[in-house]
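What follows is a single structure, written as structure tokens, with notes after it.
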Amino acid sequence: MAALSTNSQVSLSVAGRLSNGMDFCKGEFIGMRLLRKKRKFGCKQNKLTVRMSLIADLASEAKFRDLELQRRDPSSVLAVILGGGAGTRLFPLTKRRAKPAVPIGGAYRLIDVPMSNCINSGINKVYILTQFNSASLNRHLARAYNMGNGVNFGDGYVEVLAATQTSGEEGKRWFQGTADAVRQFDWLFEDPRSREIEDVVILSGDHLYRMDYMDFSHRKSGADITISCLPMDDSRASDFGLMKIDSKGRVLFFSEKPKGDDLKALVVPEPHFNNEFAVMIMHRCLQQAVDTTVLGLSKEEAAKKPYIASMGVYVFKKEILLNLLRWRFPTANDFGSEVIPASAQEFFIKAYLFNDYWEDIGTIRSFFEANLALTAHPPRFSFYDAAKPMYTSKRNLPPTKIDRSKVVDSIISHGSFLDNCFIEHSVVGIRSRISPDVHLKDTVMLGADFYETDAERASLLSEGRVPVGIGESTKIKDCIIDKNARIGKNVVISNSEGIQEADRSSEGFYIRSGIIVILKNWTIHDGTVI
């Protein structure tokens with residue numbers, strides 16, 4: 001007997017009969033066997049086809065995965081951090097230091113932000129270009145990012161490239177701008193160490209944000225240049241470089257800090273078109289509103305922030321960057337105002353949306369507000385991120401000691417001493433000393449570079465002098481206190497007259513945008529009222 005099983009195979013039991021009792025002859029039996037072989041062969045063919053298809057899919061996935069890894073390979077990326085200009089808008093904090101060396105958040109310096117972003121992005125080849133007041137910046141970089149300080153750069157490097165003069169007439173010039181600074185050291189991009197470099201990331205050293213630079217999708221898009229941008233409202237748009245994009249995020253036009261009617265139209269320098277039709281199309285494009293939904297914003301967000309502002313973070317293909325600086329625009333000094341606007345007409349520039357916290361620490365007001373914003377609940381930006389930490393110099397300081405004090409909505413950095421005081425909505429830097437009955441409100445105190453022993457402090461007080469820190473019964477509001485300042489007893493600093501701008505350097509302070517800035521290393525004597 002034979003039975004047809006569920007897997008279409010014939011099973012035999014008693015010869016001559018099927019399992020349902022039907023008789024069959026030899027011809028029928030042979031036919032059944034042929035049918036069985038045909039079905040088995042077809043099944044094998046199907047299994048082989050499925051197996052081959054699966055192997056092809058796996059190979060395709062592996063190839064795609066390898067391609068993605070190659071696109072995110074940070075070993076072929078070089079970062080160049082610009083040390084900034086003279087920092088006149090951030091004066092007097094930049095009186096004796098470069099902008100990236102300005103302390104922030106109680107324990108960090110601004111340069112720690114791009115450096116930490118590079119480390120967290122896996123980028124281990126970094127150049128820092130410096131020119132103005134670079135001594136403290138160089139010292140901090142040497143302490144914080146040397147190879148033996150816990151930050152492992154593997155086969156990478158962190159090097160400071162200071163502005164210098166070379167032979168020839170051109171070599172007598174200092175850095176004339178961001179592009180000129182990079183151009184003066186472009187020969188390093190062809191150094192044997194840079195043989196594998198494919199892309200160059202240009203960064204600013206005075207911004208506050210957290211970003212993975214490998215998320216730019218620069219290689220995936222095939223762009224020659226990628227600009228990191230953020231949506232911007234009307235109130236601040238004219239302070240930034242603005243761009244016009246198409247429906248795919250390609251940058252069509254770029255204008256650095258436009259004003260008035262130019263801001264509304266985003267007018268860029270008139271290009272030299274030979275075709276009148278092209279000129280007409282350009283002007284039509286300029287009159288159209290920017291649709292920021294192209295970059296992933298909701299319609300509500302796009303309506304509130306219709307401008308696309310540059311963050312000053314650029315990714316160049318290395319060969320494109322060299323071509324632009326050496327041959328295409330050999331006299332251009334600045335990326336934002338010259339190289340990028342002109343390149344938008346000839347090269348593929350892509351906009352990358354960064355819709356997260358970012359702040360340009362370019363003025364006393366922005367510095368003051370960005371520091372105090374760190375005390376919010378929750379803050380828009382926080383240095384507390386275990387997955388992507390912010391690195392800085394190892395100081396080996398003890399924990400802060402707080403005796404009978406009240407601290408509200410504030411940050412107290414390590415190594416400080418607070419004694420029976422009231423700290424309200426303030427940031428207190430490292431090694432700070434605050435005496436009894438002191439009230440700090442809306443104050444950024446940068447701390448100190450050194451300690452004074454109890455014996456030294458007692459000696460200074462006995463001589464009628466002022467130790468580092470804040471003396472007893474002093475009240476301070478809306479103030480930035482630079483490092484190593486000595487503020488005596490019964491001092492009142494509050495700008496009660498509401499003065500917006502003042503130069504009182506002979507008295508140890510400036511007023512900028514209504515904020516009092518006490519100079520570094522200065523002494524404010526007992527009983528002073530500001």
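Letters A, B, ... go to the chains of the structure tokens in the order shown; residues in each chain start at 1; ligands are counted from 1 in the same order.
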
Problem - Contact residues around A:Gly122 with only C-alpha atoms at 8 Å, ignoring same-chain residues under 2 positions, as a list of chain:residue names - result: A:Pro74, A:Ser75, A:Cys118, A:Ile119, A:Asn120, A:Asn124

Give me, as a Markdown table, each residue of stretch 385-406 of chain A that comes within 12 Å of stretch 200-209 of chain A, together with its shortest interatomic pair and the distance in Å at one decimal, counting only C-alpha atoms, with rows ordered by chain and rising residue number.
| residue | atom | partner | partner_atom | distance |
| --- | --- | --- | --- | --- |
| A:Lys388 | CA | A:Tyr209 | CA | 11.6 |
| A:Pro389 | CA | A:Tyr209 | CA | 11.9 |
| A:Met390 | CA | A:Tyr209 | CA | 10.4 |

Would you put the residues from that selection into a file with N, CA and C atoms, as a short mmCIF file (atom, residue, chain, number, x, y, z; two decimals), in the first residue's frame?
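Saved result, again-v7.cif, follows:
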data_model
loop_
_atom_site.label_atom_id
_atom_site.label_comp_id
_atom_site.auth_asym_id
_atom_site.auth_seq_id
_atom_site.Cartn_x
_atom_site.Cartn_y
_atom_site.Cartn_z
N LYS A 388 28.89 61.07 25.98
CA LYS A 388 29.70 62.01 25.19
C LYS A 388 30.23 63.08 26.13
N PRO A 389 31.21 62.74 26.94
CA PRO A 389 31.70 63.69 27.95
C PRO A 389 32.47 64.85 27.35
N MET A 390 32.54 65.92 28.11
CA MET A 390 33.39 67.04 27.75
C MET A 390 34.70 66.91 28.52
#

Which neighbours of A:Val160 fall inside 8 Å, counting only C-alpha atoms, when residues of the same chain fewer than 4 positions from it are skipped, and could you give them as an mmCIF file with all heavy atoms, in the first residue's frame?
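Dumped everything to out00.cif:
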data_model
loop_
_atom_site.group_PDB
_atom_site.id
_atom_site.type_symbol
_atom_site.label_atom_id
_atom_site.label_comp_id
_atom_site.auth_asym_id
_atom_site.auth_seq_id
_atom_site.Cartn_x
_atom_site.Cartn_y
_atom_site.Cartn_z
ATOM 1 N N TYR A 127 44.371 69.964 14.213
ATOM 2 C CA TYR A 127 45.226 71.144 14.223
ATOM 3 C C TYR A 127 44.447 72.304 14.842
ATOM 4 O O TYR A 127 43.251 72.467 14.576
ATOM 5 C CB TYR A 127 45.653 71.548 12.810
ATOM 6 C CG TYR A 127 46.649 70.616 12.146
ATOM 7 C CD1 TYR A 127 46.388 70.078 10.890
ATOM 8 C CD2 TYR A 127 47.852 70.309 12.773
ATOM 9 C CE1 TYR A 127 47.305 69.248 10.269
ATOM 10 C CE2 TYR A 127 48.773 69.463 12.153
ATOM 11 C CZ TYR A 127 48.486 68.929 10.905
ATOM 12 O OH TYR A 127 49.413 68.098 10.306
ATOM 13 N N ILE A 128 45.112 73.109 15.659
ATOM 14 C CA ILE A 128 44.513 74.323 16.217
ATOM 15 C C ILE A 128 45.327 75.506 15.741
ATOM 16 O O ILE A 128 46.536 75.593 16.004
ATOM 17 C CB ILE A 128 44.464 74.293 17.759
ATOM 18 C CG1 ILE A 128 43.676 73.080 18.251
ATOM 19 C CG2 ILE A 128 43.827 75.551 18.296
ATOM 20 C CD1 ILE A 128 44.529 71.959 18.743
ATOM 21 N N LEU A 129 44.693 76.420 15.000
ATOM 22 C CA LEU A 129 45.364 77.600 14.479
ATOM 23 C C LEU A 129 45.204 78.754 15.461
ATOM 24 O O LEU A 129 44.082 79.109 15.826
ATOM 25 C CB LEU A 129 44.779 77.998 13.120
ATOM 26 C CG LEU A 129 44.820 76.929 12.015
ATOM 27 C CD1 LEU A 129 44.279 77.488 10.713
ATOM 28 C CD2 LEU A 129 46.232 76.419 11.817
ATOM 29 N N THR A 130 46.313 79.338 15.896
ATOM 30 C CA THR A 130 46.257 80.420 16.883
ATOM 31 C C THR A 130 47.039 81.629 16.395
ATOM 32 O O THR A 130 47.951 81.517 15.581
ATOM 33 C CB THR A 130 46.846 79.963 18.233
ATOM 34 O OG1 THR A 130 48.247 79.681 18.069
ATOM 35 C CG2 THR A 130 46.153 78.715 18.737
ATOM 36 N N ASN A 138 47.685 77.662 24.614
ATOM 37 C CA ASN A 138 48.715 76.643 24.379
ATOM 38 C C ASN A 138 48.985 75.832 25.644
ATOM 39 O O ASN A 138 49.151 74.606 25.590
ATOM 40 C CB ASN A 138 50.016 77.308 23.906
ATOM 41 C CG ASN A 138 49.858 77.960 22.542
ATOM 42 O OD1 ASN A 138 48.913 77.673 21.811
ATOM 43 N ND2 ASN A 138 50.777 78.847 22.212
#

Exercise for the section: Name all residues at most 10 Å from stretch 321-333 of chain A (count only C-alpha atoms; drop same-chain ones fewer than 3 positions away) and give them as a count of residues only. Expected result: 29

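What separates atom CA of A:Pro341 from atom CA of A:Phe254 is a distance of 4.7 Å.
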
Under the rule of at most 10 Å, produce a per-residue listing of stretch 92-157 of chain A near stretch 409-418 of chain A: chain, number, name, the closest pair of atoms, and the distance in Å, as JSON lines, using only C-alpha atoms.
{"residue": "A:Gly105", "atom": "CA", "partner": "A:Ile411", "partner_atom": "CA", "distance": 8.0}
{"residue": "A:Gly106", "atom": "CA", "partner": "A:Ser413", "partner_atom": "CA", "distance": 5.5}
{"residue": "A:Ala107", "atom": "CA", "partner": "A:Ser413", "partner_atom": "CA", "distance": 6.3}
{"residue": "A:Tyr108", "atom": "CA", "partner": "A:Ser413", "partner_atom": "CA", "distance": 9.9}

Practice task
Report the residues of stretch 205-255 of chain A whose backbone DSSP state falls under helix (DSSP H, G or I), written as a list in words.
Solution key: Tyr213, Met214, Asp215, His218, Arg219, Lys220, Ser221, Ala237, Ser238 and Asp239 of chain A

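When only C-alpha atoms are used to compute distances to A:Leu440, the closest of the residues A:Ile476, A:Cys421, A:Ala302, A:Ala485 turns out to be A:Ile476.
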
Problem - One-decimal distance in Å that lies between atom CA of A:Pro92 and atom CA of A:Ile530 - result: 17.1 Å

Exercise for the section: Would you please extract all strand (DSSP E) residues from stretch 67-120 of chain A, as assigned by DSSP on the backbone, and give them as JSON, numbers by chain? Expected result: {"A": [77, 78, 79, 80, 81, 82, 103, 104, 108, 109]}

Contact check, stretch 211-261 of chain A to stretch 76-85 of chain A, at most 12 Å, counting only C-alpha atoms, closest pairs as a tab-separated table:
residue	atom	partner	partner_atom	distance
A:Tyr213	CA	A:Ala79	CA	9.7
A:Met214	CA	A:Val77	CA	9.1
A:His218	CA	A:Val77	CA	11.3
A:Arg219	CA	A:Val77	CA	11.2

Could you write out that same residue set with C-alpha atoms as a PDB file, in the first residue's frame?
ATOM      1  CA  TYR A 213      30.831  65.329  13.197  1.00  0.00           C
ATOM      2  CA  MET A 214      30.540  61.906  11.537  1.00  0.00           C
ATOM      3  CA  HIS A 218      28.958  64.273   3.774  1.00  0.00           C
ATOM      4  CA  ARG A 219      30.293  61.255   1.925  1.00  0.00           C
TER       5      ARG A 219
END

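Comparing the minimum interatomic distances between A:Phe383 and each of A:Ser116, A:Gln165, A:Ser462, A:Thr523, counting only C-alpha atoms, we find that A:Ser116 sits nearest.
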
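Taking atom CA of A:Arg433 as the reference point, atom CA of A:Ile470 is found at 6.3 Å.
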
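Taking only C-alpha atoms, the non-local environment of A:Ile493 within 9 Å (same-chain residues fewer than 5 positions away omitted) comprises Thr474, Lys475, Ile476, Lys477, Asp478, Cys479, Ile516, Thr528, Val529 and Ile530 of chain A.
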